$ cat coords07.csv   # CSV, N, CA and C atoms
chain,number,residue,atom,x,y,z
A,27,MET,N,-7.9,0.8,-18.1
A,27,MET,CA,-8.8,0.2,-17.0
A,27,MET,C,-8.1,0.4,-15.7
A,28,ALA,N,-6.8,0.2,-15.6
A,28,ALA,CA,-6.1,0.4,-14.3
A,28,ALA,C,-6.4,1.8,-13.8
A,29,TRP,N,-6.2,2.8,-14.6
A,29,TRP,CA,-6.5,4.2,-14.1
A,29,TRP,C,-8.0,4.4,-13.8
A,30,LEU,N,-8.9,3.8,-14.6
A,30,LEU,CA,-10.3,4.0,-14.3
A,30,LEU,C,-10.7,3.4,-13.0
A,31,VAL,N,-10.3,2.2,-12.7
A,31,VAL,CA,-10.7,1.6,-11.5
A,31,VAL,C,-10.1,2.3,-10.3
A,32,ARG,N,-8.9,2.7,-10.4
A,32,ARG,CA,-8.2,3.4,-9.3
A,32,ARG,C,-9.0,4.7,-9.0
A,33,ARG,N,-9.4,5.4,-10.1
A,33,ARG,CA,-10.2,6.6,-10.0
A,33,ARG,C,-11.5,6.4,-9.3
A,34,LEU,N,-12.2,5.3,-9.8
A,34,LEU,CA,-13.5,5.0,-9.2
A,34,LEU,C,-13.4,4.7,-7.7
A,35,CYS,N,-12.4,3.9,-7.3
A,35,CYS,CA,-12.2,3.6,-5.9
A,35,CYS,C,-11.9,4.8,-5.1
A,36,SER,N,-11.1,5.7,-5.6
A,36,SER,CA,-10.8,6.9,-4.8
A,36,SER,C,-12.0,7.9,-4.8
A,37,ARG,N,-12.7,7.9,-5.9
A,37,ARG,CA,-13.8,8.8,-6.0
A,37,ARG,C,-15.0,8.4,-5.0
A,38,PHE,N,-15.2,7.1,-4.9
A,38,PHE,CA,-16.2,6.6,-3.9
A,38,PHE,C,-15.7,6.4,-2.5
A,39,GLN,N,-14.5,6.9,-2.3
A,39,GLN,CA,-13.8,6.9,-1.0
A,39,GLN,C,-13.8,5.5,-0.3
A,40,LEU,N,-13.4,4.5,-1.1
A,40,LEU,CA,-13.2,3.2,-0.5
A,40,LEU,C,-11.9,3.2,0.2
A,41,PRO,N,-11.8,2.6,1.4
A,41,PRO,CA,-10.5,2.4,2.0
A,41,PRO,C,-9.6,1.6,1.1
A,42,ARG,N,-8.3,1.8,1.2
A,42,ARG,CA,-7.3,1.1,0.4
A,42,ARG,C,-7.4,-0.4,0.5
A,43,ASP,N,-7.8,-0.9,1.6
A,43,ASP,CA,-7.9,-2.4,1.8
A,43,ASP,C,-9.1,-3.0,1.1
A,44,GLN,N,-10.0,-2.1,0.6
A,44,GLN,CA,-11.2,-2.6,-0.1
A,44,GLN,C,-11.1,-2.4,-1.6
A,45,TRP,N,-10.0,-1.8,-2.1
A,45,TRP,CA,-9.9,-1.5,-3.5
A,45,TRP,C,-9.9,-2.8,-4.4
A,46,LEU,N,-9.3,-3.9,-3.9
A,46,LEU,CA,-9.3,-5.1,-4.7
A,46,LEU,C,-10.8,-5.6,-4.8
A,47,ALA,N,-11.6,-5.5,-3.8
A,47,ALA,CA,-13.0,-5.9,-3.9
A,47,ALA,C,-13.7,-5.0,-4.8
A,48,GLY,N,-13.4,-3.8,-4.8
A,48,GLY,CA,-14.0,-2.9,-5.8
A,48,GLY,C,-13.7,-3.2,-7.2
A,49,ALA,N,-12.4,-3.5,-7.5
A,49,ALA,CA,-12.0,-3.9,-8.8
A,49,ALA,C,-12.7,-5.2,-9.3
A,50,ILE,N,-12.8,-6.1,-8.4
A,50,ILE,CA,-13.5,-7.4,-8.7
A,50,ILE,C,-14.9,-7.1,-9.0
A,51,SER,N,-15.6,-6.2,-8.3
A,51,SER,CA,-16.9,-5.8,-8.6
A,51,SER,C,-17.1,-5.2,-9.9
A,52,VAL,N,-16.1,-4.5,-10.4
A,52,VAL,CA,-16.2,-3.9,-11.7
A,52,VAL,C,-15.9,-4.9,-12.8
A,53,ALA,N,-15.0,-5.8,-12.6
A,53,ALA,CA,-14.6,-6.8,-13.6
A,53,ALA,C,-15.5,-8.0,-13.7
A,54,LEU,N,-16.2,-8.4,-12.6
A,54,LEU,CA,-16.9,-9.6,-12.5
A,54,LEU,C,-18.0,-9.7,-13.6
A,55,PRO,N,-18.8,-8.7,-13.9
A,55,PRO,CA,-19.8,-8.8,-14.9
A,55,PRO,C,-19.2,-9.1,-16.3
A,56,THR,N,-18.0,-8.6,-16.6
A,56,THR,CA,-17.3,-8.9,-17.8
A,56,THR,C,-16.9,-10.3,-17.9
A,57,LEU,N,-16.3,-10.8,-16.7
A,57,LEU,CA,-15.8,-12.1,-16.7
A,57,LEU,C,-16.9,-13.1,-16.8
A,58,LEU,N,-18.1,-12.8,-16.3
A,58,LEU,CA,-19.2,-13.7,-16.3
A,58,LEU,C,-19.9,-13.7,-17.7
A,59,LEU,N,-20.0,-12.6,-18.3
A,59,LEU,CA,-20.8,-12.5,-19.6
A,59,LEU,C,-19.9,-12.6,-20.8
A,60,ASP,N,-18.6,-12.4,-20.7
A,60,ASP,CA,-17.8,-12.5,-21.9
A,60,ASP,C,-17.8,-13.9,-22.5
A,61,PRO,N,-17.8,-15.0,-21.8
A,61,PRO,CA,-17.8,-16.3,-22.5
A,61,PRO,C,-19.0,-16.4,-23.4
A,62,PHE,N,-20.2,-15.9,-22.9
A,62,PHE,CA,-21.4,-16.0,-23.7
A,62,PHE,C,-21.4,-15.1,-24.9
A,63,SER,N,-20.9,-13.9,-24.7
A,63,SER,CA,-20.8,-13.0,-25.9
A,63,SER,C,-19.8,-13.5,-26.9
A,64,SER,N,-18.8,-14.2,-26.5
A,64,SER,CA,-17.8,-14.7,-27.4
A,64,SER,C,-18.3,-16.0,-28.1
A,65,ALA,N,-19.1,-16.8,-27.4
A,65,ALA,CA,-19.7,-18.0,-28.0
A,65,ALA,C,-20.8,-17.7,-29.0
A,66,PHE,N,-21.5,-16.7,-28.7
A,66,PHE,CA,-22.6,-16.3,-29.5
A,66,PHE,C,-22.3,-15.0,-30.2
A,67,PHE,N,-21.1,-14.8,-30.6
A,67,PHE,CA,-20.6,-13.5,-31.1
A,67,PHE,C,-21.4,-13.0,-32.3
A,68,PRO,N,-21.7,-13.9,-33.3
A,68,PRO,CA,-22.5,-13.4,-34.5
A,68,PRO,C,-23.9,-12.9,-34.1
A,69,VAL,N,-24.5,-13.5,-33.1
A,69,VAL,CA,-25.8,-13.0,-32.7
A,69,VAL,C,-25.7,-11.7,-31.9
A,70,VAL,N,-24.7,-11.6,-31.0
A,70,VAL,CA,-24.6,-10.4,-30.1
A,70,VAL,C,-24.1,-9.2,-30.9
A,71,PHE,N,-23.2,-9.5,-31.8
A,71,PHE,CA,-22.6,-8.4,-32.6
A,71,PHE,C,-22.7,-8.8,-34.1
A,72,PRO,N,-23.9,-8.6,-34.7
A,72,PRO,CA,-24.2,-9.0,-36.1
A,72,PRO,C,-23.4,-8.2,-37.1
A,73,ASN,N,-22.9,-7.0,-36.8
A,73,ASN,CA,-22.2,-6.2,-37.8
A,73,ASN,C,-20.7,-6.5,-37.8
A,74,MET,N,-20.2,-7.4,-37.0
A,74,MET,CA,-18.8,-7.7,-36.9
A,74,MET,C,-18.5,-9.1,-37.5
A,75,ALA,N,-17.3,-9.2,-38.0
A,75,ALA,CA,-17.0,-10.5,-38.6
A,75,ALA,C,-16.8,-11.6,-37.4
A,76,PRO,N,-17.4,-12.8,-37.6
A,76,PRO,CA,-17.3,-13.8,-36.6
A,76,PRO,C,-15.9,-14.2,-36.2
A,77,SER,N,-14.9,-13.9,-37.1
A,77,SER,CA,-13.5,-14.3,-36.9
A,77,SER,C,-12.8,-13.5,-35.8
A,78,VAL,N,-13.4,-12.4,-35.4
A,78,VAL,CA,-12.8,-11.5,-34.4
A,78,VAL,C,-13.3,-11.9,-33.0
A,79,ALA,N,-14.0,-12.9,-32.8
A,79,ALA,CA,-14.6,-13.3,-31.5
A,79,ALA,C,-13.4,-13.6,-30.5
A,80,GLY,N,-12.4,-14.3,-31.0
A,80,GLY,CA,-11.2,-14.6,-30.1
A,80,GLY,C,-10.5,-13.3,-29.7
A,81,VAL,N,-10.3,-12.4,-30.6
A,81,VAL,CA,-9.7,-11.1,-30.3
A,81,VAL,C,-10.5,-10.3,-29.3
A,82,PHE,N,-11.8,-10.3,-29.5
A,82,PHE,CA,-12.7,-9.7,-28.6
A,82,PHE,C,-12.6,-10.2,-27.1
A,83,GLY,N,-12.6,-11.6,-27.0
A,83,GLY,CA,-12.4,-12.2,-25.7
A,83,GLY,C,-11.1,-11.9,-25.1
A,84,GLY,N,-10.0,-11.9,-25.9
A,84,GLY,CA,-8.7,-11.5,-25.4
A,84,GLY,C,-8.6,-10.1,-24.9
A,85,TRP,N,-9.2,-9.2,-25.6
A,85,TRP,CA,-9.2,-7.8,-25.1
A,85,TRP,C,-10.0,-7.6,-23.8
A,86,MET,N,-11.1,-8.3,-23.7
A,86,MET,CA,-11.9,-8.3,-22.5
A,86,MET,C,-11.1,-8.8,-21.3
A,87,LEU,N,-10.3,-9.9,-21.5
A,87,LEU,CA,-9.5,-10.4,-20.4
A,87,LEU,C,-8.4,-9.5,-20.0
A,88,TRP,N,-7.7,-8.8,-21.1
A,88,TRP,CA,-6.7,-7.8,-20.8
A,88,TRP,C,-7.2,-6.7,-20.0
A,89,CYS,N,-8.4,-6.2,-20.3
A,89,CYS,CA,-9.0,-5.1,-19.6
A,89,CYS,C,-9.3,-5.5,-18.1
A,90,CYS,N,-9.8,-6.7,-17.9
A,90,CYS,CA,-10.1,-7.1,-16.5
A,90,CYS,C,-8.8,-7.3,-15.8
A,91,ALA,N,-7.7,-7.8,-16.4
A,91,ALA,CA,-6.4,-7.9,-15.8
A,91,ALA,C,-5.9,-6.5,-15.4
A,92,GLY,N,-6.0,-5.6,-16.3
A,92,GLY,CA,-5.6,-4.2,-16.1
A,92,GLY,C,-6.3,-3.6,-14.9
A,93,ALA,N,-7.6,-3.8,-14.8
A,93,ALA,CA,-8.4,-3.3,-13.7
A,93,ALA,C,-7.9,-3.9,-12.3
A,94,LEU,N,-7.6,-5.2,-12.3
A,94,LEU,CA,-7.1,-5.8,-11.1
A,94,LEU,C,-5.7,-5.4,-10.7
A,95,LEU,N,-4.8,-5.2,-11.8
A,95,LEU,CA,-3.5,-4.8,-11.5
A,95,LEU,C,-3.4,-3.3,-11.1
A,96,GLY,N,-4.4,-2.5,-11.6
A,96,GLY,CA,-4.4,-1.1,-11.2
A,96,GLY,C,-4.6,-0.8,-9.8
A,97,VAL,N,-5.3,-1.7,-9.1
A,97,VAL,CA,-5.5,-1.4,-7.7
A,97,VAL,C,-4.5,-2.1,-6.8
A,98,THR,N,-3.6,-2.9,-7.4
A,98,THR,CA,-2.6,-3.6,-6.6
A,98,THR,C,-1.4,-2.6,-6.3
A,99,GLU,N,-1.0,-2.6,-5.1
A,99,GLU,CA,0.1,-1.7,-4.8
A,99,GLU,C,1.4,-2.4,-5.1
A,100,PHE,N,2.2,-1.7,-5.8
A,100,PHE,CA,3.5,-2.2,-6.1
A,100,PHE,C,4.5,-1.6,-5.2
A,101,ARG,N,5.2,-2.5,-4.4
A,101,ARG,CA,6.2,-2.0,-3.4
A,101,ARG,C,7.5,-1.8,-4.2
A,102,GLN,N,8.1,-0.6,-3.8
A,102,GLN,CA,9.4,-0.3,-4.4
A,102,GLN,C,10.5,-1.0,-3.6
A,103,ARG,N,11.5,-1.5,-4.4
A,103,ARG,CA,12.6,-2.1,-3.7
A,103,ARG,C,13.5,-1.1,-3.0
A,104,GLN,N,13.9,-1.4,-1.8
A,104,GLN,CA,14.8,-0.5,-1.1
A,104,GLN,C,16.2,-1.0,-1.3
A,105,PRO,N,17.1,-0.1,-1.7
A,105,PRO,CA,18.5,-0.5,-1.9
A,105,PRO,C,19.2,-1.0,-0.7
$ encode --input "coords07.csv" --output "structure tokens"
Amino acid sequence: MAWLVRRLCSRFQLPRDQWLAGAISVALPTLLLDPFSSAFFPVVFPNMAPSVAGVFGGWMLWCCAGALLGVTEFRQRQP
């Protein structure tokens, strides 16, 4: 997700100072809908075991975190 969001931001020629807003725009639907899909997991995903709802929610949060970290500039330490 980090690579994907960086690629989207550069492809749509967003200025670097707007990359965080772009990443939030990509992650926000997941963050808003994920609690409902986890709460009603057997209804939304009837072919999957209900016991994997927590793992599903965890992976969604990791993906959103990766998207946000992908657009963050890491400054290198100078010796």
$ residues_around --input "coords07.csv" --residues "Trp29 (chain A)" --least-positions-apart "2" --cutoff "12 Å" --atoms "only C-alpha atoms" --output "list in words"
Met27, Val31, Arg32, Arg33, Leu34, Cys35, Ser36, Arg37, Ala49, Cys89, Gly92, Ala93, Leu94, Leu95, Gly96, Val97 and Thr98 of chain A
$ atom_distance --input "coords07.csv" --atom1 "atom C of Asp60 (chain A)" --atom2 "atom C of Asp43 (chain A)"
27.4 Å
$ residues_around --input "coords07.csv" --residues "Ser77 (chain A)" --least-positions-apart "6" --cutoff "12 Å" --atoms "only C-alpha atoms" --output "number ranges by chain"
A: 64-68, 71, 83
$ atom_distance --input "coords07.csv" --atom1 "CA of Gln39 (chain A)" --atom2 "CA of Ala91 (chain A)"
22.2 Å
$ select_by_dssp --input "coords07.csv" --residues "chain A" --states "alpha helix (DSSP H)" --output "NGL selection string"
:A and (28-37 or 45-65 or 67-70 or 79-96)
$ closest_residue --input "coords07.csv" --among "A:Ser63, A:Glu99, A:Pro72, A:Thr56" --to "Leu87 (chain A)" --atoms "only N, CA and C atoms"
A:Thr56
$ atom_distance --input "coords07.csv" --atom1 "CA of Gly80 (chain A)" --atom2 "CA of Ala53 (chain A)"
18.6 Å
